[in-house]
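See below for run-v5.txt, which holds compact mmCIF, C-alpha atoms.
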```
# COMPACT_ATOMS: atom_id res chain seq x y z
CA TYR N 292 -61.60 108.44 -14.96
CA SER N 293 -63.90 105.73 -16.25
CA THR N 294 -66.31 103.80 -14.05
CA ALA N 295 -64.44 100.56 -14.85
CA ARG N 296 -61.14 102.13 -13.78
CA ARG N 297 -62.66 103.42 -10.51
CA VAL N 298 -63.93 99.93 -9.76
CA ARG N 299 -60.55 98.37 -10.64
CA ASP N 300 -58.71 100.88 -8.45
CA ALA N 301 -61.06 100.22 -5.55
CA LEU N 302 -61.03 96.44 -5.88
CA GLY N 303 -57.62 95.81 -7.40
CA SER N 304 -56.83 94.23 -10.73
CA PHE N 305 -59.58 91.94 -12.00
CA SER N 306 -57.03 89.20 -12.63
CA SER N 307 -55.65 89.28 -9.06
CA PRO N 308 -56.71 86.49 -6.71
CA LYS N 309 -58.73 87.60 -3.71
CA THR N 310 -58.69 86.11 -0.24
CA THR N 311 -62.12 85.10 1.00
CA GLU N 312 -63.04 86.86 4.21
CA ILE N 313 -66.14 86.66 6.35
CA SER N 314 -66.88 89.76 8.35
CA LEU N 315 -69.36 89.58 11.20
CA TYR N 316 -70.57 92.67 12.95
CA ASP N 317 -73.20 93.33 15.58
CA VAL N 318 -74.18 96.58 17.26
CA PHE N 319 -76.18 94.57 19.82
CA SER N 320 -79.46 96.41 19.28
CA SER N 321 -81.18 93.02 19.25
CA MET N 322 -78.27 90.55 19.79
CA GLY N 323 -79.79 88.59 16.91
CA ASN N 324 -76.47 86.99 15.91
CA PHE N 325 -76.03 85.40 19.33
CA THR N 326 -77.70 82.13 20.27
CA SER N 327 -76.16 80.94 23.54
CA LYS N 328 -76.59 83.34 26.44
CA VAL N 329 -75.55 82.32 29.95
CA GLY N 330 -76.25 84.89 32.64
CA THR N 331 -77.99 88.23 32.25
CA TRP N 332 -77.38 90.19 29.04
CA THR N 333 -79.41 93.24 28.05
CA ALA N 334 -79.11 95.12 24.78
CA SER N 335 -78.94 98.83 25.52
CA SER N 336 -77.98 101.73 23.25
CA ASN N 337 -76.49 99.32 20.71
CA GLU N 338 -74.14 97.83 23.33
CA ALA N 339 -74.30 94.54 25.20
CA LEU N 340 -74.76 95.34 28.87
CA VAL N 341 -73.85 92.75 31.49
CA SER N 342 -75.84 93.23 34.66
CA THR N 343 -74.50 92.91 38.21
CA GLY N 344 -73.96 89.36 39.45
CA THR N 345 -71.43 86.89 40.78
CA SER N 346 -70.80 84.25 38.10
CA THR N 347 -68.88 83.93 34.84
CA ILE N 348 -71.14 84.40 31.83
CA ALA N 349 -70.74 84.04 28.09
CA LEU N 350 -72.49 85.08 24.90
CA ASP N 351 -71.61 82.79 22.00
CA GLN N 352 -71.99 83.70 18.37
CA ALA N 353 -73.76 81.18 16.18
CA ASN N 354 -71.37 81.22 13.23
CA ASN N 355 -68.80 78.41 13.01
CA ILE N 356 -65.50 80.29 13.14
CA SER N 357 -62.30 79.04 14.67
CA ASN N 358 -59.80 81.26 12.85
CA GLY N 359 -59.76 84.95 12.10
CA THR N 360 -59.49 88.32 13.79
CA ASN N 361 -61.87 89.02 16.65
CA THR N 362 -62.09 92.60 17.88
CA VAL N 363 -64.24 93.98 20.69
CA ALA N 364 -64.40 97.28 22.53
CA VAL N 365 -64.69 96.60 26.26
CA ARG N 366 -65.58 99.02 29.07
CA ILE N 367 -65.51 97.65 32.60
CA ALA N 368 -67.25 99.65 35.29
CA THR N 369 -65.71 98.25 38.48
CA THR N 370 -63.82 95.24 39.86
CA THR N 371 -64.17 92.67 37.12
CA GLN N 372 -62.74 91.30 33.89
CA ALA N 373 -64.16 90.99 30.40
CA GLY N 374 -63.08 90.02 26.93
CA VAL N 375 -63.70 87.68 24.04
CA TYR N 376 -63.93 83.96 23.38
CA PHE N 377 -61.69 83.66 20.34
CA ASN N 378 -61.53 79.91 19.97
CA ALA N 379 -64.24 77.59 21.25
CA THR N 380 -66.24 74.53 20.42
CA THR N 381 -69.94 74.39 21.12
CA ASN N 382 -68.98 72.22 24.10
CA ALA N 383 -68.44 74.43 27.16
CA SER N 384 -65.50 72.30 28.32
CA ASN N 385 -63.24 73.38 25.42
CA TYR N 386 -62.56 77.06 24.82
CA GLN N 387 -60.03 79.87 24.86
CA ALA N 388 -60.74 83.42 25.90
CA VAL N 389 -58.76 86.56 26.52
CA ALA N 390 -59.87 89.12 29.09
CA ILE N 391 -58.88 92.51 30.42
CA ASP N 392 -58.55 92.46 34.22
CA ILE N 393 -58.66 96.02 35.55
CA VAL N 394 -58.20 94.97 39.19
CA ASN N 395 -54.80 93.34 38.68
CA ASN N 396 -53.86 95.41 35.62
CA GLN N 397 -53.37 92.30 33.51
CA VAL N 398 -54.46 90.60 30.32
CA HIS N 399 -55.62 87.04 31.01
CA VAL N 400 -55.49 84.20 28.50
CA ILE N 401 -57.92 81.55 29.70
CA THR N 402 -57.70 78.04 28.23
CA THR N 403 -60.14 75.33 29.22
CA SER N 404 -59.51 71.87 27.81
CA THR N 405 -61.90 69.03 28.71
CA GLY N 406 -63.09 71.05 31.70
CA THR N 407 -59.66 71.89 33.17
CA GLN N 408 -58.96 75.62 33.22
CA ALA N 409 -55.53 77.24 33.00
CA THR N 410 -54.95 81.00 33.06
CA SER N 411 -51.79 82.78 31.97
CA SER N 412 -51.50 86.45 32.85
CA ILE N 413 -49.57 89.21 31.14
CA THR N 414 -48.94 92.40 33.10
CA PHE N 415 -50.30 95.36 31.14
CA THR N 416 -47.70 98.01 30.40
CA GLY N 417 -50.10 100.89 31.04
CA THR N 418 -52.89 101.19 33.58
CA PHE N 419 -56.40 99.91 32.97
CA LEU N 420 -59.00 102.39 34.17
CA ALA N 421 -62.59 101.65 35.08
CA SER N 422 -65.30 102.96 32.72
CA THR N 423 -62.80 103.43 29.88
CA PHE N 424 -63.20 101.64 26.54
CA TYR N 425 -60.31 99.43 25.42
CA THR N 426 -60.06 97.70 22.07
CA LEU N 427 -59.18 94.05 22.51
CA ARG N 428 -58.11 92.21 19.33
CA VAL N 429 -57.18 88.56 18.91
CA GLU N 430 -55.68 87.39 15.62
CA ASN N 431 -56.19 83.64 15.64
CA SER N 432 -54.63 81.41 12.96
CA GLY N 433 -54.33 77.67 13.32
CA GLN N 434 -52.51 76.92 16.55
CA THR N 435 -51.23 80.43 17.24
CA ALA N 436 -52.90 83.65 18.32
CA VAL N 437 -51.63 87.19 18.84
CA ILE N 438 -53.33 89.46 21.38
CA TYR N 439 -53.46 93.25 21.16
CA VAL N 440 -54.89 95.95 23.44
CA ASP N 441 -55.50 99.32 21.75
CA GLY N 442 -53.29 98.22 18.85
CA VAL N 443 -50.29 97.31 21.04
CA LYS N 444 -49.18 93.67 20.95
CA GLN N 445 -49.39 92.03 24.38
CA THR N 446 -48.45 88.40 23.73
CA ASP N 447 -48.41 85.37 21.44
CA VAL N 448 -50.26 82.30 22.66
CA SER N 449 -50.70 78.72 21.56
CA ALA N 450 -54.20 78.10 20.30
CA MET N 451 -56.14 74.87 20.50
CA SER N 452 -57.01 73.48 17.10
CA PHE N 453 -60.71 72.99 16.38
CA THR N 454 -62.21 72.00 13.03
CA THR N 455 -65.23 74.20 13.76
CA GLY N 456 -65.83 76.70 16.46
CA VAL N 457 -67.62 79.75 17.77
CA VAL N 458 -66.57 83.19 18.96
CA GLY N 459 -68.29 85.26 21.59
CA LEU N 460 -68.10 87.64 24.52
CA TYR N 461 -66.82 86.85 28.00
CA ALA N 462 -67.44 88.57 31.32
CA SER N 463 -66.72 87.63 34.90
CA TYR N 464 -68.04 90.09 37.40
CA GLY N 465 -68.39 90.70 41.11
CA SER N 466 -70.27 93.96 41.50
CA GLY N 467 -70.39 95.94 38.34
CA VAL N 468 -71.31 96.07 34.69
CA THR N 469 -69.42 95.42 31.49
CA ARG N 470 -70.28 96.99 28.14
CA PHE N 471 -69.22 95.77 24.73
```
Please express what this file holds, its structure, as structure tokens.
Amino acid sequence: YSTARRVRDALGSFSSPKTTEISLYDVFSSMGNFTSKVGTWTASSNEALVSTGTSTIALDQANNISNGTNTVAVRIATTTQAGVYFNATTNASNYQAVAIDIVNNQVHVITTSTGTQATSSITFTGTFLASTFYTLRVENSGQTAVIYVDGVKQTDVSAMSFTTGVVGLYASYGSGVTRF
């Protein structure tokens, strides 16, 4: 097995076209990739920890991304919801987010357009448990998005179309903490 053949087998044929992909990853030890923090966020043990409070908070990533796959692991301690902004402008009045709601055992798709918020809810087929990690994935492409929880498709949604955008983390809490 030659070195060239190992490389070709790992990467595919040298003549094959490749799709450009940008992969962003953060273990939250410093939250250095995040520039817009509303509310109280504390990096702890390589996770983002949301402290107790009463308002909706967000943590926006600096990179301009409006399409792609966004995946987060979410653990919600008590009565609250948390998830990911998967499609947003830098203007707070235009965004889409998806959140796990353990109180009502639902997945919420939150769309805010020019300041007006609409929420559609999908009843989760299992049971969300407090203090359990769930993998929330949103595959966003153009004006459609597909939402998964732990690899199981939950719903298709219409996505707002932005020429540039940001992704980030979402949490709305009453008396508890959320870890990402």
Work out how far atom CA of N:Val468 is from atom CA of N:Trp332, in Å to one decimal.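 Separation of atom CA of N:Trp332 and atom CA of N:Val468: 10.2 Å.
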Sel. within 8 Å of pt (-55.7, 88.1, 15.7), counting all atoms listed in the file, output as a ChimeraX atom specification: /N:359-361,428-432,436-439
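Between atom CA of N:Ser320 and atom CA of N:Tyr461 there is a distance of 18.1 Å.
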What is the distance between atom CA of N:Gly417 and atom CA of N:Leu460, in Å to one decimal?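 Separation between atom CA of N:Gly417 and atom CA of N:Leu460: 23.3 Å.
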Between N:Gln408, N:Gln372, N:Ser321, N:Gln387, which one has atoms that come closest to N:Leu420, using all atoms listed in the file?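 Ranking N:Gln408, N:Gln372, N:Ser321, N:Gln387 by distance to N:Leu420, first place goes to N:Gln372.
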Please identify all polymer residues within 8 Å of stretch 440-446 of chain N, counting all atoms listed in the file, omitting same-chain residues fewer than 2 positions from it, and present them as JSON, numbers by chain. {"N": [398, 413, 415, 425, 426, 427, 428, 437, 438, 448]}
Contact residues around N:Ile401 with all atoms listed in the file at 10 Å, ignoring same-chain residues under 4 positions, as a short mmCIF file (atom, residue, chain, number, x, y, z; two decimals) with C-alpha atoms, keeping the file's coordinate frame:
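Output below, filename result-v9.cif:
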```
data_model
loop_
_atom_site.label_atom_id
_atom_site.label_comp_id
_atom_site.auth_asym_id
_atom_site.auth_seq_id
_atom_site.Cartn_x
_atom_site.Cartn_y
_atom_site.Cartn_z
CA TYR N 376 -63.93 83.96 23.38
CA TYR N 386 -62.56 77.06 24.82
CA GLN N 387 -60.03 79.87 24.86
CA ALA N 388 -60.74 83.42 25.90
CA VAL N 389 -58.76 86.56 26.52
CA ALA N 390 -59.87 89.12 29.09
CA GLN N 408 -58.96 75.62 33.22
CA ALA N 409 -55.53 77.24 33.00
CA THR N 410 -54.95 81.00 33.06
CA SER N 411 -51.79 82.78 31.97
CA SER N 412 -51.50 86.45 32.85
#
```
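In this comparison, which uses only C-alpha atoms, the residue of N:Ala349, N:Ile393, N:Ala379, N:Ala421 approaching N:Phe325 most closely is N:Ala349.
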Residues within 7 Å of N:Gln352, please, as an MDAnalysis selection string. Count only C-alpha atoms; anything in the same chain fewer than 3 positions from it doesn't count. chainID N and resid 324:326 457:459
From the options N:Ala450, N:Thr416, N:Thr380, N:Leu350, which residue's atoms come nearest to N:Thr333, counting only C-alpha atoms? N:Leu350
Between N:Thr407, N:Gln397, N:Gln434, N:Ser452, smallest distance to N:Gly374 by all atoms listed in the file belongs to N:Gln397
N:Val400, N:Asp351, N:Asn358, N:Ala462: which is nearest N:Asp447, counting all atoms listed in the file?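 Closest to N:Asp447 of all the choices is N:Val400.
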For N:Ala334, which residue out of N:Thr469, N:Thr402, N:Ser449, N:Ser422 is the nearest one, using all atoms listed in the file?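 Result for the nearest residue to N:Ala334: N:Thr469.
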